[in-house]
$ cat coords.txt   # compact mmCIF, C-alpha atoms
# COMPACT_ATOMS: atom_id res chain seq x y z
CA MET A 1 -10.62 22.41 -18.77
CA ALA A 2 -7.97 22.54 -16.05
CA LYS A 3 -4.31 21.56 -16.34
CA VAL A 4 -3.36 19.19 -13.51
CA LEU A 5 0.09 17.95 -12.50
CA LEU A 6 0.35 14.85 -10.26
CA ILE A 7 3.65 14.41 -8.37
CA ASN A 8 4.57 11.15 -6.66
CA PHE A 9 6.71 11.93 -3.61
CA PRO A 10 9.80 9.68 -3.54
CA PHE A 11 9.75 6.69 -1.24
CA LYS A 12 13.13 5.03 -1.56
CA THR A 13 14.77 2.80 0.99
CA LYS A 14 17.18 -0.08 0.59
CA GLY A 15 15.50 -3.34 -0.24
CA MET A 16 12.07 -1.87 -0.98
CA PRO A 17 10.60 -2.35 -4.48
CA THR A 18 9.62 0.71 -6.51
CA ILE A 19 5.83 0.65 -6.60
CA PHE A 20 4.14 1.96 -9.73
CA PRO A 21 1.90 4.91 -8.75
CA ILE A 22 -1.39 3.16 -9.49
CA GLN A 23 -3.17 6.06 -7.77
CA PHE A 24 -2.10 8.34 -10.62
CA ALA A 25 -3.42 5.98 -13.27
CA ALA A 26 -6.75 6.05 -11.42
CA LEU A 27 -6.79 9.76 -10.53
CA GLY A 28 -5.58 10.73 -13.96
CA GLY A 29 -8.23 8.64 -15.69
CA TYR A 30 -10.95 10.05 -13.45
CA LEU A 31 -9.94 13.62 -14.31
CA LYS A 32 -9.32 12.97 -18.01
CA ARG A 33 -12.84 11.61 -18.47
CA ARG A 34 -14.10 14.89 -17.07
CA GLY A 35 -12.22 16.82 -19.71
CA HIS A 36 -9.11 17.86 -17.79
CA ASP A 37 -5.52 17.79 -19.04
CA VAL A 38 -3.41 15.58 -16.73
CA ARG A 39 0.33 15.01 -16.47
CA ALA A 40 2.31 12.98 -13.92
CA VAL A 41 5.83 12.95 -12.53
CA ASP A 42 7.12 10.10 -10.35
CA LEU A 43 10.13 11.32 -8.40
CA ASN A 44 11.04 7.69 -7.64
CA VAL A 45 12.19 7.19 -11.24
CA THR A 46 12.47 10.76 -12.54
CA PRO A 47 15.08 13.29 -11.32
CA GLN A 48 13.79 16.55 -9.88
CA ASP A 49 15.54 18.41 -12.72
CA HIS A 50 12.77 17.07 -14.94
CA LEU A 51 10.18 18.56 -12.59
CA ASP A 52 12.04 21.89 -12.80
CA ASP A 53 11.75 21.79 -16.58
CA ILE A 54 8.03 21.03 -16.49
CA LEU A 55 7.20 23.80 -14.03
CA SER A 56 9.33 26.32 -15.93
CA ARG A 57 7.61 25.51 -19.25
CA ASP A 58 3.98 25.06 -18.19
CA ARG A 59 1.56 26.60 -15.77
CA PHE A 60 -0.83 24.23 -13.97
CA ASP A 61 -4.16 25.03 -12.38
CA THR A 62 -3.71 22.29 -9.76
CA VAL A 63 -0.62 20.48 -8.53
CA ALA A 64 -1.27 17.44 -6.32
CA VAL A 65 1.41 15.53 -4.37
CA SER A 66 0.95 11.90 -3.30
CA PHE A 67 2.69 11.10 0.00
CA ARG A 68 2.50 7.32 -0.04
CA ASN A 69 4.16 5.88 3.01
CA VAL A 70 5.95 6.57 6.29
CA LEU A 71 8.48 4.26 7.92
CA PRO A 72 8.12 4.47 11.73
CA ALA A 73 11.81 5.04 12.39
CA PHE A 74 12.10 7.88 9.88
CA TRP A 75 8.84 9.82 10.07
CA ILE A 76 10.43 13.13 11.13
CA GLU A 77 12.90 12.86 8.24
CA ARG A 78 10.04 12.10 5.83
CA PHE A 79 8.02 15.09 7.02
CA GLY A 80 11.09 17.30 6.61
CA ALA A 81 11.61 16.09 3.05
CA LEU A 82 7.95 16.73 2.27
CA ARG A 83 8.29 20.23 3.63
CA LYS A 84 11.24 20.91 1.30
CA LEU A 85 9.14 19.87 -1.69
CA VAL A 86 6.18 21.99 -0.58
CA VAL A 87 8.44 25.04 -0.08
CA TYR A 88 9.99 24.40 -3.50
CA LEU A 89 6.56 24.25 -5.17
CA LYS A 90 5.33 27.38 -3.43
CA GLY A 91 8.49 29.12 -4.62
CA LYS A 92 7.34 28.24 -8.14
CA GLY A 93 4.01 29.93 -7.47
CA VAL A 94 2.19 26.64 -6.83
CA GLU A 95 -0.23 25.88 -3.96
CA PRO A 96 -0.01 22.07 -3.75
CA LEU A 97 -2.76 19.72 -2.65
CA ILE A 98 -1.25 16.89 -0.54
CA GLY A 99 -2.75 13.40 -0.43
CA GLY A 100 -1.88 9.71 -0.39
CA PRO A 101 -1.98 7.04 2.36
CA GLY A 102 0.90 8.54 4.34
CA PHE A 103 -0.80 11.92 4.46
CA SER A 104 -4.20 10.40 5.31
CA LEU A 105 -2.78 8.52 8.29
CA PHE A 106 -0.49 11.24 9.63
CA HIS A 107 -2.22 14.46 8.56
CA PRO A 108 -2.44 15.97 12.09
CA LEU A 109 1.31 15.58 12.49
CA ILE A 110 2.04 16.67 8.92
CA PHE A 111 0.04 19.87 9.32
CA LYS A 112 2.15 20.55 12.42
CA HIS A 113 5.55 19.80 10.85
CA VAL A 114 4.82 21.28 7.42
CA PRO A 115 3.19 24.65 8.18
CA GLU A 116 3.29 25.62 4.51
CA ILE A 117 0.56 23.08 3.62
CA ARG A 118 -2.89 24.62 3.19
CA PHE A 119 -4.91 21.81 1.63
CA GLY A 120 -4.92 18.02 1.81
CA ALA A 121 -7.02 15.06 0.66
CA LEU A 122 -7.90 12.12 2.92
CA GLY A 123 -8.62 8.58 1.79
CA GLU A 124 -9.46 7.85 -1.83
CA GLY A 125 -8.69 10.97 -3.81
CA GLU A 126 -10.59 10.76 -7.09
CA HIS A 127 -13.81 12.47 -6.01
CA THR A 128 -12.00 14.92 -3.71
CA ILE A 129 -9.47 16.12 -6.27
CA TRP A 130 -12.11 16.35 -9.01
CA ARG A 131 -14.23 18.76 -6.97
CA TYR A 132 -11.14 20.64 -5.80
CA VAL A 133 -9.95 21.08 -9.40
CA GLU A 134 -13.35 22.36 -10.45
CA GLY A 135 -13.38 24.99 -7.73
CA ASP A 136 -15.97 23.76 -5.23
CA ASP A 137 -15.99 25.39 -1.80
CA VAL A 138 -13.34 23.65 0.32
CA LYS A 139 -15.82 23.28 3.19
CA ASP A 140 -18.16 21.23 1.00
CA ILE A 141 -15.73 18.69 -0.49
CA PRO A 142 -15.79 15.26 1.27
CA GLY A 143 -12.31 14.17 2.30
CA LEU A 144 -10.71 17.61 1.99
CA CYS A 145 -8.86 19.17 4.92
CA HIS A 146 -7.61 22.73 5.11
CA ARG A 147 -5.53 24.87 7.43
CA THR A 148 -7.24 27.21 9.88
CA GLU A 149 -5.99 29.75 12.39
CA ASN A 150 -6.12 27.10 15.12
CA GLY A 151 -4.69 24.19 13.12
CA PHE A 152 -6.80 22.44 10.49
CA GLU A 153 -10.29 21.18 9.75
CA SER A 154 -11.13 18.02 7.83
CA ASN A 155 -14.32 17.10 5.99
CA TYR A 156 -14.13 13.47 7.07
CA PRO A 157 -15.14 10.93 5.89
CA PRO A 158 -14.17 11.03 2.22
CA ARG A 159 -16.50 9.70 -0.45
CA PHE A 160 -15.66 6.10 -1.31
CA LEU A 161 -16.33 5.36 -4.97
CA PRO A 162 -18.80 2.57 -5.84
CA GLY A 163 -17.17 -0.34 -7.65
CA GLU A 164 -18.44 0.69 -11.06
CA GLU A 165 -16.94 4.18 -10.62
CA ILE A 166 -13.42 3.00 -9.71
CA PRO A 167 -11.49 4.35 -12.70
CA LEU A 168 -9.98 2.40 -15.55
CA PHE A 169 -6.27 2.72 -16.27
CA GLU A 170 -5.55 5.52 -18.71
CA ASP A 171 -2.49 6.56 -20.69
CA ILE A 172 -1.34 9.50 -18.56
CA GLU A 173 1.47 11.64 -19.95
CA GLY A 174 4.59 11.07 -17.86
CA LEU A 175 3.68 7.56 -16.63
CA ASP A 176 5.77 4.65 -17.91
CA TYR A 177 3.87 1.51 -16.96
CA ALA A 178 6.63 -0.80 -18.20
CA HIS A 179 9.53 0.97 -16.48
CA PRO A 180 11.98 -1.79 -15.46
CA LYS A 181 12.06 -0.61 -11.84
CA TYR A 182 8.30 -0.79 -11.32
CA LEU A 183 6.17 -3.36 -9.58
CA VAL A 184 2.77 -2.65 -11.16
CA GLY A 185 -0.45 -3.12 -9.21
CA LEU A 186 -3.85 -4.38 -10.39
CA GLN A 187 -7.04 -3.91 -8.40
CA SER A 188 -10.35 -5.78 -8.68
CA TYR A 189 -11.99 -4.26 -5.61
CA ARG A 190 -11.46 -1.69 -2.88
CA GLY A 191 -12.19 -1.94 0.80
CA CYS A 192 -11.65 -4.69 3.38
CA GLY A 193 -14.16 -6.39 5.63
CA TYR A 194 -11.68 -7.92 8.10
CA ASN A 195 -10.79 -4.85 10.15
CA CYS A 196 -7.66 -6.37 11.71
CA SER A 197 -6.67 -4.19 14.64
CA TYR A 198 -3.11 -3.55 13.40
CA CYS A 199 -4.09 -2.48 9.86
CA PRO A 200 -5.30 0.96 8.68
CA SER A 201 -6.92 -0.34 5.47
CA THR A 202 -10.51 0.11 6.62
CA TYR A 203 -9.75 3.71 7.60
CA LEU A 204 -8.17 4.41 4.20
CA ARG A 205 -10.57 2.44 1.95
CA GLY A 206 -13.66 1.65 4.00
CA SER A 207 -14.98 -1.60 5.46
CA SER A 208 -17.28 -2.64 2.61
CA LEU A 209 -15.99 -4.43 -0.50
CA ARG A 210 -16.65 -2.41 -3.65
CA ARG A 211 -16.14 -4.82 -6.52
CA ARG A 212 -15.24 -3.46 -9.92
CA PRO A 213 -17.15 -4.92 -12.86
CA MET A 214 -15.07 -7.79 -14.23
CA GLN A 215 -15.11 -6.28 -17.71
CA ASN A 216 -13.33 -3.23 -16.27
CA VAL A 217 -10.67 -5.42 -14.63
CA SER A 218 -10.27 -7.33 -17.89
CA ARG A 219 -9.85 -4.05 -19.76
CA ASP A 220 -7.10 -3.00 -17.33
CA ILE A 221 -5.31 -6.32 -17.85
CA GLY A 222 -5.39 -5.81 -21.59
CA PHE A 223 -4.17 -2.24 -21.21
CA LEU A 224 -1.19 -3.37 -19.13
CA ARG A 225 -0.30 -6.05 -21.66
CA GLU A 226 -0.37 -3.47 -24.45
CA LYS A 227 2.05 -1.37 -22.38
CA GLY A 228 4.45 -4.30 -22.11
CA VAL A 229 3.79 -5.19 -18.45
CA GLU A 230 4.54 -8.88 -17.83
CA HIS A 231 4.11 -9.15 -14.07
CA VAL A 232 1.56 -7.59 -11.70
CA LEU A 233 0.83 -7.46 -7.99
CA VAL A 234 -2.90 -7.92 -7.34
CA ILE A 235 -3.43 -5.45 -4.53
CA ASP A 236 -6.82 -6.76 -3.36
CA GLY A 237 -6.74 -7.21 0.41
CA ALA A 238 -7.16 -11.01 0.24
CA PHE A 239 -7.12 -12.58 -3.21
CA ASN A 240 -9.20 -15.60 -2.18
CA ASP A 241 -11.96 -13.51 -0.63
CA PRO A 242 -14.45 -13.04 -2.27
CA PHE A 243 -13.78 -16.59 -3.45
CA VAL A 244 -15.92 -16.58 -6.61
CA ARG A 245 -14.43 -13.25 -7.72
CA SER A 246 -10.90 -14.66 -7.35
CA LYS A 247 -11.73 -17.62 -9.60
CA GLU A 248 -13.15 -15.23 -12.20
CA LEU A 249 -9.93 -13.24 -12.08
CA CYS A 250 -7.88 -16.41 -12.57
CA GLU A 251 -9.94 -17.14 -15.69
CA GLU A 252 -9.02 -13.68 -17.00
CA PHE A 253 -5.34 -14.37 -16.33
CA LEU A 254 -5.59 -17.69 -18.20
CA LYS A 255 -6.70 -15.78 -21.30
CA VAL A 256 -3.59 -13.59 -21.23
CA GLY A 257 -1.05 -16.29 -22.04
CA ARG A 258 2.70 -16.02 -21.54
CA PRO A 259 4.78 -14.14 -20.71
CA TRP A 260 2.54 -13.20 -17.81
CA SER A 261 2.87 -13.79 -14.09
CA TRP A 262 1.30 -12.35 -11.00
CA GLU A 263 1.40 -12.32 -7.21
CA GLY A 264 -1.03 -11.27 -4.52
CA PHE A 265 -2.11 -11.46 -0.89
CA LEU A 266 -3.62 -14.69 0.37
CA LYS A 267 -5.56 -15.35 3.55
CA PRO A 268 -5.14 -19.02 4.58
CA LEU A 269 -8.83 -19.87 4.83
CA PRO A 270 -10.47 -23.30 4.37
CA ASN A 271 -11.46 -22.33 0.80
CA VAL A 272 -7.81 -22.64 -0.30
CA GLY A 273 -7.87 -26.27 -1.44
CA GLU A 274 -6.00 -28.48 -3.92
CA ASP A 275 -8.07 -27.63 -7.01
CA TYR A 276 -8.01 -23.93 -6.21
CA VAL A 277 -4.22 -23.77 -5.77
CA LYS A 278 -3.81 -25.64 -9.08
CA LEU A 279 -5.98 -22.99 -10.75
CA LEU A 280 -3.81 -20.26 -9.22
CA ALA A 281 -0.65 -21.92 -10.56
CA ASP A 282 -2.12 -22.51 -14.01
CA SER A 283 -3.17 -18.85 -14.27
CA GLY A 284 0.41 -17.63 -13.70
CA ALA A 285 0.60 -17.10 -9.94
CA VAL A 286 4.22 -17.24 -8.78
CA ARG A 287 3.99 -15.86 -5.25
CA PHE A 288 1.60 -15.11 -2.40
CA HIS A 289 2.17 -12.84 0.59
CA ILE A 290 0.58 -14.22 3.75
CA ASP A 291 0.26 -12.25 6.98
CA ILE A 292 0.72 -14.42 10.04
CA ILE A 293 1.65 -11.56 12.41
CA SER A 294 2.45 -14.03 15.21
CA GLY A 295 2.77 -17.78 15.43
CA ALA A 296 1.44 -17.64 19.00
CA GLU A 297 -2.10 -18.99 19.17
CA ASP A 298 -3.24 -16.52 21.83
CA ILE A 299 -2.28 -13.46 19.72
CA GLY A 300 -4.40 -14.18 16.65
CA PRO A 301 -7.86 -13.84 18.24
CA LEU A 302 -6.70 -10.73 20.10
CA ILE A 303 -5.89 -8.84 16.92
CA GLY A 304 -8.93 -10.09 14.98
CA HIS A 305 -6.76 -11.55 12.25
CA HIS A 306 -8.91 -14.63 11.40
CA VAL A 307 -5.82 -16.76 10.71
CA ARG A 308 -5.09 -20.18 12.22
CA ILE A 309 -1.52 -21.45 12.16
CA GLU A 310 -2.72 -24.96 11.20
CA GLU A 311 -4.36 -23.52 8.09
CA CYS A 312 -1.14 -21.64 7.30
CA PHE A 313 0.86 -24.88 7.26
CA ARG A 314 -1.77 -26.67 5.18
CA VAL A 315 -1.80 -23.86 2.59
CA ALA A 316 2.01 -23.66 2.61
CA LYS A 317 2.24 -27.37 1.67
CA LEU A 318 -0.17 -26.83 -1.23
CA LEU A 319 1.82 -23.84 -2.48
CA THR A 320 5.03 -25.91 -2.35
CA LYS A 321 3.39 -28.74 -4.29
CA HIS A 322 2.38 -26.37 -7.11
CA ASP A 323 5.65 -24.40 -7.22
CA ILE A 324 4.14 -21.19 -5.86
CA GLU A 325 6.38 -19.24 -3.53
CA GLY A 326 4.99 -18.12 -0.20
CA VAL A 327 6.25 -15.13 1.76
CA PHE A 328 5.07 -15.45 5.36
CA TYR A 329 5.10 -12.22 7.36
CA PHE A 330 5.65 -11.98 11.10
CA ALA A 331 5.36 -8.72 13.03
CA TYR A 332 8.37 -7.48 14.96
CA GLN A 333 7.86 -6.51 18.60
CA LEU A 334 4.11 -6.67 18.98
CA PRO A 335 3.07 -4.91 22.20
CA THR A 336 1.03 -7.97 23.15
CA GLU A 337 3.72 -10.56 22.41
CA SER A 338 5.99 -11.99 25.08
CA VAL A 339 9.48 -13.36 24.47
CA LYS A 340 7.96 -16.84 24.88
CA ASN A 341 5.46 -16.00 22.10
CA GLU A 342 8.32 -14.77 19.96
CA PHE A 343 10.24 -18.04 20.21
CA GLU A 344 7.03 -19.88 19.36
CA SER A 345 6.90 -17.79 16.18
CA PHE A 346 10.54 -18.65 15.45
CA ARG A 347 9.68 -22.37 15.40
CA HIS A 348 6.91 -21.77 12.88
CA LEU A 349 9.12 -19.48 10.84
CA ARG A 350 11.76 -22.19 10.44
CA ALA A 351 9.08 -24.69 9.45
CA PHE A 352 7.96 -22.47 6.55
CA GLN A 353 11.56 -22.03 5.47
CA LYS A 354 12.08 -25.82 5.40
CA MET A 355 9.14 -26.06 3.00
CA GLY A 356 11.03 -23.76 0.61
CA HIS A 357 9.15 -20.55 1.41
CA LYS A 358 10.45 -17.17 2.45
CA THR A 359 9.73 -15.48 5.75
CA PHE A 360 9.87 -11.81 6.57
CA ILE A 361 9.87 -10.01 9.91
CA TYR A 362 8.56 -6.50 9.50
CA PRO A 363 8.33 -3.66 12.04
CA PHE A 364 5.06 -3.49 13.87
CA PHE A 365 3.82 0.06 14.23
CA PRO A 366 0.48 1.16 15.70
CA TYR A 367 -0.66 3.41 12.87
CA PRO A 368 -3.30 6.03 13.65
CA ASN A 369 -6.93 4.95 13.38
CA THR A 370 -6.20 1.28 14.12
CA GLY A 371 -7.25 -0.79 17.11
CA PHE A 372 -3.69 -1.21 18.35
CA GLU A 373 -3.53 2.44 19.33
CA LYS A 374 -5.43 1.48 22.47
CA TYR A 375 -2.31 -0.30 23.74
CA TYR A 376 -0.26 2.88 23.54
CA GLY A 377 -2.73 5.71 23.58
CA SER A 378 -2.20 8.06 20.65
CA ILE A 379 1.30 7.38 19.37
CA LEU A 380 1.30 10.80 17.74
CA ALA A 381 1.22 12.38 21.19
CA LYS A 382 4.25 10.53 22.55
CA ASN A 383 7.41 12.52 23.25
CA ALA A 384 10.88 11.83 21.86
CA PHE A 385 11.95 9.99 25.04
CA TRP A 386 9.09 7.50 24.65
CA HIS A 387 10.08 6.77 21.06
CA ILE A 388 13.77 6.36 21.95
CA ARG A 389 12.91 4.01 24.82
CA ARG A 390 10.69 1.94 22.55
CA MET A 391 13.45 1.71 19.92
CA ILE A 392 15.91 0.46 22.55
CA THR A 393 13.37 -2.10 23.76
CA MET A 394 12.89 -3.32 20.19
CA MET A 395 16.66 -3.65 19.69
CA LEU A 396 16.86 -5.91 22.75
CA ARG A 397 14.28 -8.35 21.37
CA PRO A 398 15.59 -11.76 20.17
CA SER A 399 14.20 -11.10 16.67
CA PHE A 400 16.08 -7.80 16.16
CA PHE A 401 18.82 -9.17 13.91
CA MET A 402 16.34 -11.15 11.81
CA PHE A 403 14.24 -8.02 11.46
CA LEU A 404 17.30 -6.03 10.40
CA ARG A 405 18.26 -8.64 7.80
CA ASP A 406 14.76 -8.82 6.35
CA MET A 407 14.34 -5.05 6.10
CA LEU A 408 17.42 -4.99 3.85
CA THR A 409 16.18 -7.75 1.54
CA LEU A 410 12.50 -6.98 0.93
CA GLU A 411 13.18 -6.44 -2.74
CA VAL A 412 13.81 -10.16 -3.26
CA MET A 413 10.38 -10.90 -1.80
CA THR A 414 8.51 -9.62 -4.84
CA GLY A 415 8.60 -9.38 -8.63
CA PRO A 416 8.76 -12.12 -11.30
CA ARG A 417 10.37 -15.45 -10.42
CA ILE A 418 12.85 -15.59 -13.28
CA THR A 419 14.36 -18.86 -12.08
CA SER A 420 11.06 -20.71 -11.66
CA GLY A 421 10.71 -21.60 -15.34
CA LYS A 422 7.21 -20.13 -15.39
CA ASN A 423 7.92 -16.82 -17.13
$ encode --input "coords.txt" --output "structure tokens"
Amino acid sequence: MAKVLLINFPFKTKGMPTIFPIQFAALGGYLKRRGHDVRAVDLNVTPQDHLDDILSRDRFDTVAVSFRNVLPAFWIERFGALRKLVVYLKGKGVEPLIGGPGFSLFHPLIFKHVPEIRFGALGEGEHTIWRYVEGDDVKDIPGLCHRTENGFESNYPPRFLPGEEIPLFEDIEGLDYAHPKYLVGLQSYRGCGYNCSYCPSTYLRGSSLRRRPMQNVSRDIGFLREKGVEHVLVIDGAFNDPFVRSKELCEEFLKVGRPWSWEGFLKPLPNVGEDYVKLLADSGAVRFHIDIISGAEDIGPLIGHHVRIEECFRVAKLLTKHDIEGVFYFAYQLPTESVKNEFESFRHLRAFQKMGHKTFIYPFFPYPNTGFEKYYGSILAKNAFWHIRRMITMMLRPSFFMFLRDMLTLEVMTGPRITSGKN
């Protein structure tokens, strides 16, 4: 039996909700069922003094750090902060394993800026960390990368777990599911079959849908209720696809009763009709996040987004009718979008607002391993002058002030709707 400590690297910025580290509930459960002793520390809600106490009292066989996200404007700062944590851990006699979505996407740059890192995990981490903890040769573990004399080597691709192997939530020491700051996630499948060119999801989770058995999802719902969780974010890529699965999940939510509410991601497809939206509302849905990217008709097919603006308006009217809040997302400064396209998006944006929904303009960024890199070449290879010039160009766009406003108010875009009368 190995003693494992999981550390969630802090990701705090004004307006952003504090996301419960669902990856630790999954990783921890995966390791616990194999007989290992697991503890977790989330530095988003726990001061580092607490981590000092843990490391001074106990010795761990493996310490893993989850590096969840990177904001484009602050990636050098984020890498510097990660380096400080790695140096701190090594000073405690710990050789950390680094993982998480942020590390998976930016690992070439992170290995460069954090020379103290020796080992990292790409993609889904359960299988990788399990074999790492049990001492398998680092060259034989799918998804593991390690430092070499000339840089690093990665055993890509990682192993994606089949649906029935995606772990159940477990009671991991150090995790407080019902912490008042948390937005807690629930997952019924992994993977995404859409492969939109701006999104790294298929790189991180694979392109095939791996559905969890519904009894496992139901068990997780019951576990969260026992922990006092009253609101969840369903983190499936598109709640209404697969359509039958989404209706099954609504039936599970109907069994929960109140207080219980949920939100998720919706793709405005023809299958979102009157009866379906009523079922969503009856099951406790209070909000859906809908990616439009651009209101310009010629942009959608280019990015492979499978979204028609007419369907967006039709779905928005249904959501309004059933008192479900929509948050419609537009990308800020797409490389393919002209100023004319941008004003076209503004008209649509105002139309959604008049229907009582929220809109949000978020920063477009061509993450590694996405189709949009072809417009820039590898963004990781660009020099500081290129980045500064691009930032100035973005600031000159008509949508800059709306983008700035929305980045400071993301927190109001999620969580329970206390004023809706549904909770």
$ closest_residue --input "coords.txt" --among "A:Val114, A:Leu183, A:Asp53, A:Glu126" --to "A:Arg34" --atoms "all atoms listed in the file"
A:Glu126
$ residues_near_point --input "coords.txt" --point "(-4.7, 27.2, 2.9)" --cutoff "6 Å" --atoms "all atoms listed in the file" --output "list of chain:residue names"
A:Arg118, A:Phe119, A:His146, A:Arg147
$ write_last_selection --input "coords.txt" --atoms "C-alpha atoms" --output "short mmCIF file (atom, residue, chain, number, x, y, z; two decimals), in the frame of the given file"
data_model
loop_
_atom_site.label_atom_id
_atom_site.label_comp_id
_atom_site.auth_asym_id
_atom_site.auth_seq_id
_atom_site.Cartn_x
_atom_site.Cartn_y
_atom_site.Cartn_z
CA ARG A 118 -2.89 24.62 3.19
CA PHE A 119 -4.91 21.81 1.63
CA HIS A 146 -7.61 22.73 5.11
CA ARG A 147 -5.53 24.87 7.43
#
$ residues_around --input "coords.txt" --residues "A:Leu249" --least-positions-apart "3" --cutoff "9 Å" --atoms "only C-alpha atoms" --output "list in words"
Ser188, Met214, Val217, Ser218, Val244, Arg245, Ser246, Glu252, Phe253 and Leu254 of chain A
$ residues_around --input "coords.txt" --residues "stretch 277-279 of chain A" --least-positions-apart "4" --cutoff "8 Å" --atoms "only C-alpha atoms" --output "PDB file with C-alpha atoms, in the frame of the given file"
ATOM      1  CA  LYS A 247     -11.730 -17.620  -9.600  1.00  0.00           C
ATOM      2  CA  CYS A 250      -7.880 -16.410 -12.570  1.00  0.00           C
ATOM      3  CA  VAL A 272      -7.810 -22.640  -0.300  1.00  0.00           C
ATOM      4  CA  GLY A 273      -7.870 -26.270  -1.440  1.00  0.00           C
ATOM      5  CA  SER A 283      -3.170 -18.850 -14.270  1.00  0.00           C
ATOM      6  CA  LEU A 318      -0.170 -26.830  -1.230  1.00  0.00           C
ATOM      7  CA  LEU A 319       1.820 -23.840  -2.480  1.00  0.00           C
ATOM      8  CA  HIS A 322       2.380 -26.370  -7.110  1.00  0.00           C
TER       9      HIS A 322
END
$ closest_residue --input "coords.txt" --among "A:Phe330, A:Phe400, A:Phe9, A:Phe169" --to "A:Gln187" --atoms "only C-alpha atoms"
A:Phe169
$ atom_distance --input "coords.txt" --atom1 "atom CA of A:Arg219" --atom2 "atom CA of A:Ile172"
16.0 Å
$ residues_around --input "coords.txt" --residues "A:Leu97" --least-positions-apart "3" --cutoff "12 Å" --atoms "only C-alpha atoms" --output "ChimeraX atom specification"
/A:4-8,61-67,85-86,89-90,94,100,103,116-122,125,128-130,132-133,138,144-147
$ write_last_selection --input "coords.txt" --atoms "C-alpha atoms" --output "PDB file, in the coordinates of the input"
ATOM      1  CA  VAL A   4      -3.360  19.190 -13.510  1.00  0.00           C
ATOM      2  CA  LEU A   5       0.090  17.950 -12.500  1.00  0.00           C
ATOM      3  CA  LEU A   6       0.350  14.850 -10.260  1.00  0.00           C
ATOM      4  CA  ILE A   7       3.650  14.410  -8.370  1.00  0.00           C
ATOM      5  CA  ASN A   8       4.570  11.150  -6.660  1.00  0.00           C
ATOM      6  CA  ASP A  61      -4.160  25.030 -12.380  1.00  0.00           C
ATOM      7  CA  THR A  62      -3.710  22.290  -9.760  1.00  0.00           C
ATOM      8  CA  VAL A  63      -0.620  20.480  -8.530  1.00  0.00           C
ATOM      9  CA  ALA A  64      -1.270  17.440  -6.320  1.00  0.00           C
ATOM     10  CA  VAL A  65       1.410  15.530  -4.370  1.00  0.00           C
ATOM     11  CA  SER A  66       0.950  11.900  -3.300  1.00  0.00           C
ATOM     12  CA  PHE A  67       2.690  11.100   0.000  1.00  0.00           C
ATOM     13  CA  LEU A  85       9.140  19.870  -1.690  1.00  0.00           C
ATOM     14  CA  VAL A  86       6.180  21.990  -0.580  1.00  0.00           C
ATOM     15  CA  LEU A  89       6.560  24.250  -5.170  1.00  0.00           C
ATOM     16  CA  LYS A  90       5.330  27.380  -3.430  1.00  0.00           C
ATOM     17  CA  VAL A  94       2.190  26.640  -6.830  1.00  0.00           C
ATOM     18  CA  GLY A 100      -1.880   9.710  -0.390  1.00  0.00           C
ATOM     19  CA  PHE A 103      -0.800  11.920   4.460  1.00  0.00           C
ATOM     20  CA  GLU A 116       3.290  25.620   4.510  1.00  0.00           C
ATOM     21  CA  ILE A 117       0.560  23.080   3.620  1.00  0.00           C
ATOM     22  CA  ARG A 118      -2.890  24.620   3.190  1.00  0.00           C
ATOM     23  CA  PHE A 119      -4.910  21.810   1.630  1.00  0.00           C
ATOM     24  CA  GLY A 120      -4.920  18.020   1.810  1.00  0.00           C
ATOM     25  CA  ALA A 121      -7.020  15.060   0.660  1.00  0.00           C
ATOM     26  CA  LEU A 122      -7.900  12.120   2.920  1.00  0.00           C
ATOM     27  CA  GLY A 125      -8.690  10.970  -3.810  1.00  0.00           C
ATOM     28  CA  THR A 128     -12.000  14.920  -3.710  1.00  0.00           C
ATOM     29  CA  ILE A 129      -9.470  16.120  -6.270  1.00  0.00           C
ATOM     30  CA  TRP A 130     -12.110  16.350  -9.010  1.00  0.00           C
ATOM     31  CA  TYR A 132     -11.140  20.640  -5.800  1.00  0.00           C
ATOM     32  CA  VAL A 133      -9.950  21.080  -9.400  1.00  0.00           C
ATOM     33  CA  VAL A 138     -13.340  23.650   0.320  1.00  0.00           C
ATOM     34  CA  LEU A 144     -10.710  17.610   1.990  1.00  0.00           C
ATOM     35  CA  CYS A 145      -8.860  19.170   4.920  1.00  0.00           C
ATOM     36  CA  HIS A 146      -7.610  22.730   5.110  1.00  0.00           C
ATOM     37  CA  ARG A 147      -5.530  24.870   7.430  1.00  0.00           C
TER      38      ARG A 147
END
$ axis_aligned_box --input "coords.txt" --around "stretch 29-47 of chain A" --padding-each-side "4 Å" --output "AutoDock Vina command-line options"
--center_x 0.5 --center_y 12.5 --center_z -13.7 --size_x 37.2 --size_y 18.7 --size_z 20.1
$ residues_around --input "coords.txt" --residues "A:Leu349" --least-positions-apart "3" --cutoff "10 Å" --atoms "only C-alpha atoms" --output "list in words"
Ile292, Ser294, Gly295, Phe328, Tyr329, Phe330, Phe343, Glu344, Ser345, Phe346, Phe352, Gln353, Lys354, His357, Lys358, Thr359, Phe360 and Ile361 of chain A
$ residues_around --input "coords.txt" --residues "stretch 195-205 of chain A" --least-positions-apart "6" --cutoff "8 Å" --atoms "all atoms listed in the file" --output "short mmCIF file (atom, residue, chain, number, x, y, z; two decimals) with C-alpha atoms, keeping the file's coordinate frame"
data_model
loop_
_atom_site.label_atom_id
_atom_site.label_comp_id
_atom_site.auth_asym_id
_atom_site.auth_seq_id
_atom_site.Cartn_x
_atom_site.Cartn_y
_atom_site.Cartn_z
CA PRO A 101 -1.98 7.04 2.36
CA SER A 104 -4.20 10.40 5.31
CA LEU A 105 -2.78 8.52 8.29
CA LEU A 122 -7.90 12.12 2.92
CA GLY A 123 -8.62 8.58 1.79
CA GLU A 124 -9.46 7.85 -1.83
CA PHE A 160 -15.66 6.10 -1.31
CA ILE A 303 -5.89 -8.84 16.92
CA GLY A 304 -8.93 -10.09 14.98
CA HIS A 305 -6.76 -11.55 12.25
CA PHE A 365 3.82 0.06 14.23
CA PRO A 366 0.48 1.16 15.70
CA TYR A 367 -0.66 3.41 12.87
CA PRO A 368 -3.30 6.03 13.65
CA ASN A 369 -6.93 4.95 13.38
CA THR A 370 -6.20 1.28 14.12
CA GLY A 371 -7.25 -0.79 17.11
CA PHE A 372 -3.69 -1.21 18.35
#
